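Accompanying notes for the structure given below.
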Amino acid sequence: MTYSRKVLIVDDNKLNLTLIDVILRRDGYETCLVLDSQTVLSVVESFAPDLILLDIDMPVLSGLEVCQQLKESEKLKDIPVIFVTGNTDDDIIKKAFAVGGHDYVRKPVNQIELLTRMHAVNARVELIEHIKYEEKLKGILEMAGTVCHEFNQPLQVISGSAELLLLESADDAPGRDLAETIVDQALRMGTINSKLMKITRYEKKHYIGNSTIIDLEKTSITGGIK
Amino acid sequence: MKRVLVVDDEKGIRDLFRRVLETAGYKVKTAESGEQALEILEHDKFTLLLFDLNLPGIDGIELCKKARKILPISIIIAITGYASLFHLHDCRQAGFDDYFIKPVSIKTLLAEVELASKRIDRWLDREA
């Protein structure tokens, strides 16, 4: 299991920040420290952390409010948040989970507890991502099967009829070249469909504008379309 | 004259294969379902059988198992629009001799049918 390497630490107390920073750096994490909770969103955009450690009791904007803002952002909502708090009242803990926190760590921070909870959250996030990936792949495979089945039937009639036309017509009959083109192109479409049948994983590639499409070159076990 | 049974739920495919095979000199019967094919097999003999896999009612794999019992000396080929590796494993177990993924070239199909006819001839000669 691989764990996230980039962690954003948010706390209005410099000493707390430094303490957590030392623990994480020793364990191989790349860190980014934020004292002012109002700047968190912009820092998250630029640093792109894999996980956020968020103090709850901060002036102006509390950790709970910051988390709420993160979860409202389509782009940032999937980044896991672990709250760090000295206040472990039932009400606070309930709110921490209600706003989308994955877990919490008590202050003063214990090194073993912090790292263990981070590992557990990362493992859970990876599992969820894996399940999402599998669901996506299942959908693609079902769609590929449907496309192959539904398209190959008419393709057979098109290519076969054109080929039959070629077999039954004289060598110098007009339109033979067009019939040959129909056969070639129909069989080419059949080759593309056969690549769809051999999709084994989900990989996409950039298409027009911001859209993406399935990369048949990378997803099919037989490689690219000839 | 060699007799061929074509089973496919798509009329366009049945008509195409019938015309191709009749042009090549084969006597062809068609069925649009597995059930209809089994009825035909009760009183007609065939040396070559072409089955679609995705059929309404009895599917192509079940049909192949039943047809294999009725006609042990015959060539049965699957011609399907879609087949995963699992389907192909099932095809092999059901007794299909070969398979094609649509669209199959008519030249390829005719060459395979010709080859199958020769294989069947060898078996029939030995029986005689």
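Chain labels run A, B, ... following the order of the structure tokens; each chain numbers its residues from 1, and ligands are numbered from 1 in the order shown.
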Within 10 Å of His87 of chain B, counting only C-alpha atoms, which residues show up once you throw out same-chain ones fewer than 6 positions away? Write them as JSON, numbers by chain, please. {"B": [53, 61, 93]}
Please dump the current selection as a PDB file, in the first residue's frame; keep all heavy atoms.
```
ATOM      1  N   LEU B  53     -24.421 -16.676 -31.257  1.00  0.00           N
ATOM      2  CA  LEU B  53     -24.428 -17.049 -29.831  1.00  0.00           C
ATOM      3  C   LEU B  53     -25.599 -16.422 -29.087  1.00  0.00           C
ATOM      4  O   LEU B  53     -26.210 -17.032 -28.228  1.00  0.00           O
ATOM      5  CB  LEU B  53     -23.108 -16.612 -29.166  1.00  0.00           C
ATOM      6  CG  LEU B  53     -21.846 -17.392 -29.548  1.00  0.00           C
ATOM      7  CD1 LEU B  53     -20.675 -16.895 -28.724  1.00  0.00           C
ATOM      8  CD2 LEU B  53     -22.023 -18.887 -29.339  1.00  0.00           C
ATOM      9  N   ILE B  61     -24.851 -21.407 -27.249  1.00  0.00           N
ATOM     10  CA  ILE B  61     -24.028 -22.403 -26.553  1.00  0.00           C
ATOM     11  C   ILE B  61     -24.875 -23.638 -26.200  1.00  0.00           C
ATOM     12  O   ILE B  61     -24.458 -24.782 -26.420  1.00  0.00           O
ATOM     13  CB  ILE B  61     -23.361 -21.766 -25.316  1.00  0.00           C
ATOM     14  CG1 ILE B  61     -22.238 -20.837 -25.821  1.00  0.00           C
ATOM     15  CG2 ILE B  61     -22.804 -22.819 -24.374  1.00  0.00           C
ATOM     16  CD1 ILE B  61     -21.537 -20.028 -24.799  1.00  0.00           C
ATOM     17  N   GLN B  93     -16.068 -25.580 -24.745  1.00  0.00           N
ATOM     18  CA  GLN B  93     -16.622 -26.668 -23.929  1.00  0.00           C
ATOM     19  C   GLN B  93     -17.923 -27.198 -24.518  1.00  0.00           C
ATOM     20  O   GLN B  93     -18.221 -28.377 -24.392  1.00  0.00           O
ATOM     21  CB  GLN B  93     -16.874 -26.153 -22.526  1.00  0.00           C
ATOM     22  CG  GLN B  93     -15.583 -25.862 -21.764  1.00  0.00           C
ATOM     23  CD  GLN B  93     -15.626 -26.362 -20.345  1.00  0.00           C
ATOM     24  OE1 GLN B  93     -16.624 -26.165 -19.686  1.00  0.00           O
ATOM     25  NE2 GLN B  93     -14.565 -26.991 -19.886  1.00  0.00           N
TER      26      GLN B  93
END
```
Exercise: Pro103 of chain B partners within 8 Å, only C-alpha atoms, chain neighbours under 4 positions left out, as a PyMOL selection string: (chain A and resi 152-153+155-157+159-160+186-187+190) or (chain B and resi 81)
Just the selected residues (N, CA, C and O atoms), exported as a CSV table (one decimal), in the first residue's frame, please.
```csv
chain,number,residue,atom,x,y,z
A,152,ASN,N,-21.8,-4.8,-34.7
A,152,ASN,CA,-21.2,-5.8,-35.6
A,152,ASN,C,-22.3,-6.5,-36.4
A,152,ASN,O,-22.0,-7.1,-37.5
A,153,GLN,N,-23.5,-6.6,-35.9
A,153,GLN,CA,-24.6,-7.2,-36.7
A,153,GLN,C,-24.8,-6.5,-38.0
A,153,GLN,O,-24.7,-7.1,-39.1
A,155,LEU,N,-22.9,-4.3,-39.4
A,155,LEU,CA,-21.6,-4.3,-40.1
A,155,LEU,C,-21.4,-5.5,-41.0
A,155,LEU,O,-20.9,-5.5,-42.1
A,156,GLN,N,-21.9,-6.7,-40.4
A,156,GLN,CA,-21.8,-7.9,-41.1
A,156,GLN,C,-22.6,-7.9,-42.4
A,156,GLN,O,-22.2,-8.3,-43.5
A,157,VAL,N,-23.8,-7.3,-42.3
A,157,VAL,CA,-24.7,-7.3,-43.4
A,157,VAL,C,-24.1,-6.3,-44.5
A,157,VAL,O,-24.1,-6.6,-45.7
A,159,SER,N,-20.8,-5.2,-44.9
A,159,SER,CA,-19.6,-5.7,-45.6
A,159,SER,C,-19.9,-6.9,-46.4
A,159,SER,O,-19.4,-7.1,-47.5
A,160,GLY,N,-20.7,-7.8,-45.9
A,160,GLY,CA,-21.1,-9.1,-46.6
A,160,GLY,C,-21.8,-8.8,-47.9
A,160,GLY,O,-21.5,-9.4,-49.0
A,186,ALA,N,-16.0,-1.2,-43.6
A,186,ALA,CA,-16.9,-1.9,-42.7
A,186,ALA,C,-16.0,-2.9,-41.9
A,186,ALA,O,-16.1,-3.0,-40.7
A,187,LEU,N,-15.0,-3.5,-42.6
A,187,LEU,CA,-14.1,-4.4,-41.8
A,187,LEU,C,-13.2,-3.7,-40.9
A,187,LEU,O,-12.9,-4.1,-39.8
A,190,GLY,N,-15.1,-3.1,-37.9
A,190,GLY,CA,-15.1,-4.3,-37.1
A,190,GLY,C,-13.8,-4.5,-36.3
A,190,GLY,O,-13.8,-5.0,-35.2
B,81,GLY,N,-21.5,-11.4,-32.7
B,81,GLY,CA,-21.2,-10.0,-32.7
B,81,GLY,C,-20.2,-9.6,-31.6
B,81,GLY,O,-19.5,-8.7,-31.7
```
Mind listing as a PyMOL selection string which residues of chain A are within 10 Å of chain B, counting only C-alpha atoms? chain A and resi 144-164+167-168+183-184+186-191+193-194+196-198
Let's have the selection written as a compact mmCIF listing (two decimals), in the first residue's frame, with N, CA and C atoms.
```
# COMPACT_ATOMS: atom_id res chain seq x y z
N ALA A 144 -18.91 -1.44 -23.97
CA ALA A 144 -18.13 -1.97 -25.09
C ALA A 144 -18.81 -3.22 -25.66
N GLY A 145 -19.29 -4.08 -24.76
CA GLY A 145 -19.97 -5.30 -25.20
C GLY A 145 -21.22 -4.98 -26.00
N THR A 146 -21.97 -3.98 -25.52
CA THR A 146 -23.21 -3.59 -26.21
C THR A 146 -22.89 -3.01 -27.59
N VAL A 147 -21.89 -2.13 -27.62
CA VAL A 147 -21.51 -1.51 -28.90
C VAL A 147 -21.08 -2.59 -29.90
N CYS A 148 -20.22 -3.51 -29.42
CA CYS A 148 -19.73 -4.58 -30.32
C CYS A 148 -20.90 -5.40 -30.85
N HIS A 149 -21.76 -5.80 -29.91
CA HIS A 149 -22.87 -6.67 -30.33
C HIS A 149 -23.80 -5.95 -31.31
N GLU A 150 -24.21 -4.74 -30.94
CA GLU A 150 -25.20 -4.03 -31.75
C GLU A 150 -24.64 -3.54 -33.09
N PHE A 151 -23.36 -3.14 -33.08
CA PHE A 151 -22.76 -2.60 -34.31
C PHE A 151 -22.30 -3.69 -35.27
N ASN A 152 -21.81 -4.79 -34.71
CA ASN A 152 -21.24 -5.82 -35.59
C ASN A 152 -22.29 -6.54 -36.42
N GLN A 153 -23.53 -6.56 -35.93
CA GLN A 153 -24.59 -7.22 -36.71
C GLN A 153 -24.82 -6.47 -38.04
N PRO A 154 -25.15 -5.15 -37.97
CA PRO A 154 -25.33 -4.45 -39.25
C PRO A 154 -24.05 -4.36 -40.07
N LEU A 155 -22.90 -4.30 -39.38
CA LEU A 155 -21.63 -4.25 -40.13
C LEU A 155 -21.44 -5.51 -40.97
N GLN A 156 -21.86 -6.66 -40.39
CA GLN A 156 -21.76 -7.92 -41.13
C GLN A 156 -22.60 -7.86 -42.40
N VAL A 157 -23.81 -7.32 -42.28
CA VAL A 157 -24.70 -7.25 -43.44
C VAL A 157 -24.13 -6.28 -44.49
N ILE A 158 -23.59 -5.14 -44.01
CA ILE A 158 -23.03 -4.15 -44.95
C ILE A 158 -21.82 -4.72 -45.68
N SER A 159 -20.84 -5.21 -44.91
CA SER A 159 -19.61 -5.69 -45.55
C SER A 159 -19.90 -6.93 -46.40
N GLY A 160 -20.75 -7.84 -45.88
CA GLY A 160 -21.05 -9.07 -46.62
C GLY A 160 -21.79 -8.79 -47.92
N SER A 161 -22.74 -7.84 -47.86
CA SER A 161 -23.50 -7.53 -49.07
C SER A 161 -22.61 -6.90 -50.14
N ALA A 162 -21.72 -6.00 -49.69
CA ALA A 162 -20.81 -5.36 -50.65
C ALA A 162 -19.84 -6.38 -51.24
N GLU A 163 -19.40 -7.31 -50.39
CA GLU A 163 -18.48 -8.34 -50.86
C GLU A 163 -19.16 -9.28 -51.86
N LEU A 164 -20.42 -9.58 -51.56
CA LEU A 164 -21.21 -10.43 -52.46
C LEU A 164 -21.40 -9.74 -53.81
N LEU A 167 -18.33 -10.25 -55.72
CA LEU A 167 -18.20 -11.63 -56.21
C LEU A 167 -19.10 -11.89 -57.41
N GLU A 168 -20.28 -11.25 -57.41
CA GLU A 168 -21.27 -11.52 -58.45
C GLU A 168 -21.16 -10.60 -59.66
N VAL A 183 -16.49 -2.46 -48.28
CA VAL A 183 -15.98 -3.66 -47.59
C VAL A 183 -14.83 -3.29 -46.67
N ASP A 184 -13.86 -2.53 -47.20
CA ASP A 184 -12.67 -2.16 -46.40
C ASP A 184 -13.06 -1.39 -45.14
N ALA A 186 -16.03 -1.15 -43.63
CA ALA A 186 -16.86 -1.93 -42.70
C ALA A 186 -15.97 -2.89 -41.89
N LEU A 187 -15.01 -3.52 -42.56
CA LEU A 187 -14.12 -4.43 -41.84
C LEU A 187 -13.21 -3.65 -40.88
N ARG A 188 -12.87 -2.42 -41.29
CA ARG A 188 -12.06 -1.56 -40.40
C ARG A 188 -12.84 -1.24 -39.12
N MET A 189 -14.11 -0.94 -39.29
CA MET A 189 -14.94 -0.67 -38.11
C MET A 189 -15.03 -1.93 -37.23
N GLY A 190 -15.07 -3.08 -37.87
CA GLY A 190 -15.08 -4.33 -37.12
C GLY A 190 -13.81 -4.49 -36.31
N THR A 191 -12.66 -4.05 -36.88
CA THR A 191 -11.38 -4.13 -36.17
C THR A 191 -11.40 -3.21 -34.94
N ASN A 193 -14.06 -2.34 -33.28
CA ASN A 193 -14.93 -3.00 -32.30
C ASN A 193 -14.21 -4.14 -31.59
N SER A 194 -13.34 -4.84 -32.34
CA SER A 194 -12.64 -5.95 -31.70
C SER A 194 -11.66 -5.42 -30.64
N LEU A 196 -12.39 -2.83 -28.79
CA LEU A 196 -13.29 -2.55 -27.66
C LEU A 196 -13.51 -3.80 -26.83
N MET A 197 -13.58 -4.94 -27.52
CA MET A 197 -13.82 -6.21 -26.84
C MET A 197 -12.65 -6.59 -25.95
N LYS A 198 -11.47 -6.01 -26.24
CA LYS A 198 -10.27 -6.43 -25.51
C LYS A 198 -9.84 -5.40 -24.48
```
Between atom CA of Thr31 of chain A and atom CA of Val7 of chain A, what distance in Å does the model show, to one decimal?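 According to the coordinates, atom CA of Thr31 of chain A and atom CA of Val7 of chain A are separated by 4.9 Å.
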Write out as a PDB file with C-alpha atoms, in the first residue's frame the set of residues from segment 3-104 of chain B that DSSP, computed on the backbone, places in alpha helix (DSSP H).
```pdb
ATOM      1  CA  LYS B  11     -33.013 -11.551 -40.820  1.00  0.00           C
ATOM      2  CA  GLY B  12     -30.343  -9.518 -42.659  1.00  0.00           C
ATOM      3  CA  ILE B  13     -27.645 -11.955 -41.559  1.00  0.00           C
ATOM      4  CA  ARG B  14     -29.730 -15.052 -42.368  1.00  0.00           C
ATOM      5  CA  ASP B  15     -30.531 -13.745 -45.836  1.00  0.00           C
ATOM      6  CA  LEU B  16     -26.914 -12.765 -46.508  1.00  0.00           C
ATOM      7  CA  PHE B  17     -25.409 -16.099 -45.426  1.00  0.00           C
ATOM      8  CA  ARG B  18     -28.099 -18.017 -47.306  1.00  0.00           C
ATOM      9  CA  ARG B  19     -27.348 -16.146 -50.520  1.00  0.00           C
ATOM     10  CA  VAL B  20     -23.564 -16.450 -50.124  1.00  0.00           C
ATOM     11  CA  LEU B  21     -23.692 -20.168 -49.383  1.00  0.00           C
ATOM     12  CA  GLU B  22     -26.286 -20.996 -52.038  1.00  0.00           C
ATOM     13  CA  THR B  23     -24.195 -19.110 -54.605  1.00  0.00           C
ATOM     14  CA  GLY B  34     -32.534 -22.149 -31.108  1.00  0.00           C
ATOM     15  CA  GLU B  35     -35.940 -23.751 -30.675  1.00  0.00           C
ATOM     16  CA  GLN B  36     -36.699 -23.477 -34.387  1.00  0.00           C
ATOM     17  CA  ALA B  37     -33.267 -24.919 -35.183  1.00  0.00           C
ATOM     18  CA  LEU B  38     -33.902 -27.946 -32.954  1.00  0.00           C
ATOM     19  CA  GLU B  39     -37.212 -28.582 -34.715  1.00  0.00           C
ATOM     20  CA  ILE B  40     -35.417 -28.571 -38.077  1.00  0.00           C
ATOM     21  CA  LEU B  41     -32.708 -30.871 -36.712  1.00  0.00           C
ATOM     22  CA  GLU B  42     -35.363 -33.448 -35.764  1.00  0.00           C
ATOM     23  CA  HIS B  43     -35.906 -34.383 -39.418  1.00  0.00           C
ATOM     24  CA  GLY B  60     -26.084 -20.538 -29.156  1.00  0.00           C
ATOM     25  CA  ILE B  61     -24.028 -22.403 -26.553  1.00  0.00           C
ATOM     26  CA  GLU B  62     -26.970 -24.521 -25.352  1.00  0.00           C
ATOM     27  CA  LEU B  63     -28.028 -25.087 -28.954  1.00  0.00           C
ATOM     28  CA  CYS B  64     -24.531 -26.331 -29.806  1.00  0.00           C
ATOM     29  CA  LYS B  65     -24.570 -28.844 -26.929  1.00  0.00           C
ATOM     30  CA  LYS B  66     -27.922 -30.240 -28.101  1.00  0.00           C
ATOM     31  CA  ALA B  67     -26.984 -30.212 -31.800  1.00  0.00           C
ATOM     32  CA  ARG B  68     -23.705 -32.001 -31.049  1.00  0.00           C
ATOM     33  CA  LYS B  69     -25.684 -34.896 -29.542  1.00  0.00           C
ATOM     34  CA  ILE B  70     -28.016 -35.080 -32.549  1.00  0.00           C
ATOM     35  CA  LEU B  85     -12.737 -14.776 -23.351  1.00  0.00           C
ATOM     36  CA  PHE B  86     -15.243 -16.430 -20.990  1.00  0.00           C
ATOM     37  CA  HIS B  87     -17.726 -16.868 -23.836  1.00  0.00           C
ATOM     38  CA  LEU B  88     -15.018 -18.428 -25.996  1.00  0.00           C
ATOM     39  CA  HIS B  89     -14.099 -20.882 -23.225  1.00  0.00           C
ATOM     40  CA  ASP B  90     -17.787 -21.849 -22.971  1.00  0.00           C
ATOM     41  CA  CYS B  91     -17.934 -22.222 -26.768  1.00  0.00           C
ATOM     42  CA  ARG B  92     -15.041 -24.634 -26.709  1.00  0.00           C
ATOM     43  CA  GLN B  93     -16.622 -26.668 -23.929  1.00  0.00           C
ATOM     44  CA  ALA B  94     -20.010 -26.727 -25.682  1.00  0.00           C
TER      45      ALA B  94
END
```
Segment 41-125 of chain B: residues DSSP assigns to strand (DSSP E or B), reported as a PyMOL selection string: chain B and resi 48-51+75-80+98-101
For Asp78 of chain A, list every protein, DNA or RNA residue within 9 Å, evaluated using only C-alpha atoms, and leave out those in the same chain fewer than 5 positions away; present the list as a PDB file with N, CA, C and O atoms, in the first residue's frame.
```pdb
ATOM      1  N   LEU A  70     -14.106  23.460   1.532  1.00  0.00           N
ATOM      2  CA  LEU A  70     -13.400  22.476   0.677  1.00  0.00           C
ATOM      3  C   LEU A  70     -14.386  21.478   0.077  1.00  0.00           C
ATOM      4  O   LEU A  70     -14.316  21.142  -1.112  1.00  0.00           O
ATOM      5  N   LYS A  71     -15.312  21.014   0.915  1.00  0.00           N
ATOM      6  CA  LYS A  71     -16.267  20.000   0.449  1.00  0.00           C
ATOM      7  C   LYS A  71     -17.280  20.565  -0.539  1.00  0.00           C
ATOM      8  O   LYS A  71     -17.898  19.819  -1.299  1.00  0.00           O
ATOM      9  N   VAL A 125      -9.206   5.886   1.561  1.00  0.00           N
ATOM     10  CA  VAL A 125      -9.367   6.680   0.332  1.00  0.00           C
ATOM     11  C   VAL A 125      -8.955   5.864  -0.891  1.00  0.00           C
ATOM     12  O   VAL A 125      -9.630   5.860  -1.919  1.00  0.00           O
TER      13      VAL A 125
END
```
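Straight-line separation from atom CA of Gln69 of chain A to atom CA of Leu41 of chain A: 8.0 Å.
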Report, in Å to a single decimal, how far apart atom CA of Leu19 of chain A and atom CA of Met58 of chain A are.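 For atom CA of Met58 of chain A relative to atom CA of Leu19 of chain A, the distance reads 17.2 Å.
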Fewer than 3 positions away in the same chain doesn't count, so skip those; otherwise give me all residues within 7 Å of Asp215 of chain A, counting only C-alpha atoms, as a list of chain:residue names.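 The filter keeps A:Glu203, A:Lys204, A:Lys205, A:Lys218, A:Thr219.
Closest approach to Ile75 of chain B among B:Phe96, B:Phe51, B:Asp44, B:Thr108: B:Phe96, based on only C-alpha atoms.
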Could you check which of B:Glu32, B:Gly95, B:Leu50, B:Phe100 is closest to Pro72 of chain B, using only C-alpha atoms? B:Gly95
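Considering only C-alpha atoms, the residue among A:Gly139, A:Gly209, A:Pro174, A:Pro80 positioned nearest to Phe97 of chain A is A:Pro80.
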For segment 91-94 of chain A, find every residue with an atom within 12 Å (counting only C-alpha atoms), except residues of its own chain fewer than 6 positions away, and show them as a ChimeraX atom specification. /A:56-57,62-64,82-85,100-106
For N, CA and C atoms, I'd like the residues from the last selection saved as an mmCIF file, in the first residue's frame.
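Printed below is selection.cif as written:
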```cif
data_model
loop_
_atom_site.group_PDB
_atom_site.id
_atom_site.type_symbol
_atom_site.label_atom_id
_atom_site.label_comp_id
_atom_site.auth_asym_id
_atom_site.auth_seq_id
_atom_site.Cartn_x
_atom_site.Cartn_y
_atom_site.Cartn_z
ATOM 1 N N ILE A 56 -9.045 22.776 14.387
ATOM 2 C CA ILE A 56 -10.443 23.219 14.440
ATOM 3 C C ILE A 56 -10.569 24.643 14.999
ATOM 4 N N ASP A 57 -9.909 24.900 16.113
ATOM 5 C CA ASP A 57 -10.066 26.211 16.779
ATOM 6 C C ASP A 57 -9.101 27.233 16.200
ATOM 7 N N SER A 62 -12.942 29.032 11.252
ATOM 8 C CA SER A 62 -12.581 27.805 11.987
ATOM 9 C C SER A 62 -12.278 26.669 11.013
ATOM 10 N N GLY A 63 -11.639 25.617 11.561
ATOM 11 C CA GLY A 63 -11.330 24.455 10.735
ATOM 12 C C GLY A 63 -12.582 23.817 10.151
ATOM 13 N N LEU A 64 -13.668 23.855 10.953
ATOM 14 C CA LEU A 64 -14.932 23.270 10.475
ATOM 15 C C LEU A 64 -15.443 24.033 9.253
ATOM 16 N N ILE A 82 -8.194 15.430 8.004
ATOM 17 C CA ILE A 82 -8.150 14.928 9.385
ATOM 18 C C ILE A 82 -8.065 16.152 10.292
ATOM 19 N N PHE A 83 -9.018 16.273 11.197
ATOM 20 C CA PHE A 83 -8.997 17.413 12.107
ATOM 21 C C PHE A 83 -8.001 17.161 13.237
ATOM 22 N N VAL A 84 -7.367 18.243 13.671
ATOM 23 C CA VAL A 84 -6.478 18.178 14.831
ATOM 24 C C VAL A 84 -7.106 19.109 15.873
ATOM 25 N N THR A 85 -7.439 18.589 17.010
ATOM 26 C CA THR A 85 -8.179 19.409 17.969
ATOM 27 C C THR A 85 -7.873 19.077 19.436
ATOM 28 N N GLY A 100 -17.621 16.683 6.801
ATOM 29 C CA GLY A 100 -16.883 15.910 5.800
ATOM 30 C C GLY A 100 -15.502 15.462 6.225
ATOM 31 N N GLY A 101 -15.171 15.633 7.522
ATOM 32 C CA GLY A 101 -13.869 15.170 8.001
ATOM 33 C C GLY A 101 -13.777 13.652 7.961
ATOM 34 N N HIS A 102 -12.589 13.138 7.679
ATOM 35 C CA HIS A 102 -12.420 11.677 7.623
ATOM 36 C C HIS A 102 -12.104 11.094 8.999
ATOM 37 N N ASP A 103 -11.430 11.915 9.844
ATOM 38 C CA ASP A 103 -11.034 11.433 11.166
ATOM 39 C C ASP A 103 -10.575 12.638 11.990
ATOM 40 N N TYR A 104 -10.193 12.407 13.234
ATOM 41 C CA TYR A 104 -9.630 13.497 14.049
ATOM 42 C C TYR A 104 -8.501 12.956 14.916
ATOM 43 N N VAL A 105 -7.601 13.868 15.271
ATOM 44 C CA VAL A 105 -6.471 13.522 16.142
ATOM 45 C C VAL A 105 -6.488 14.509 17.300
ATOM 46 N N ARG A 106 -6.259 13.984 18.502
ATOM 47 C CA ARG A 106 -6.304 14.858 19.688
ATOM 48 C C ARG A 106 -4.982 15.597 19.906
#
```
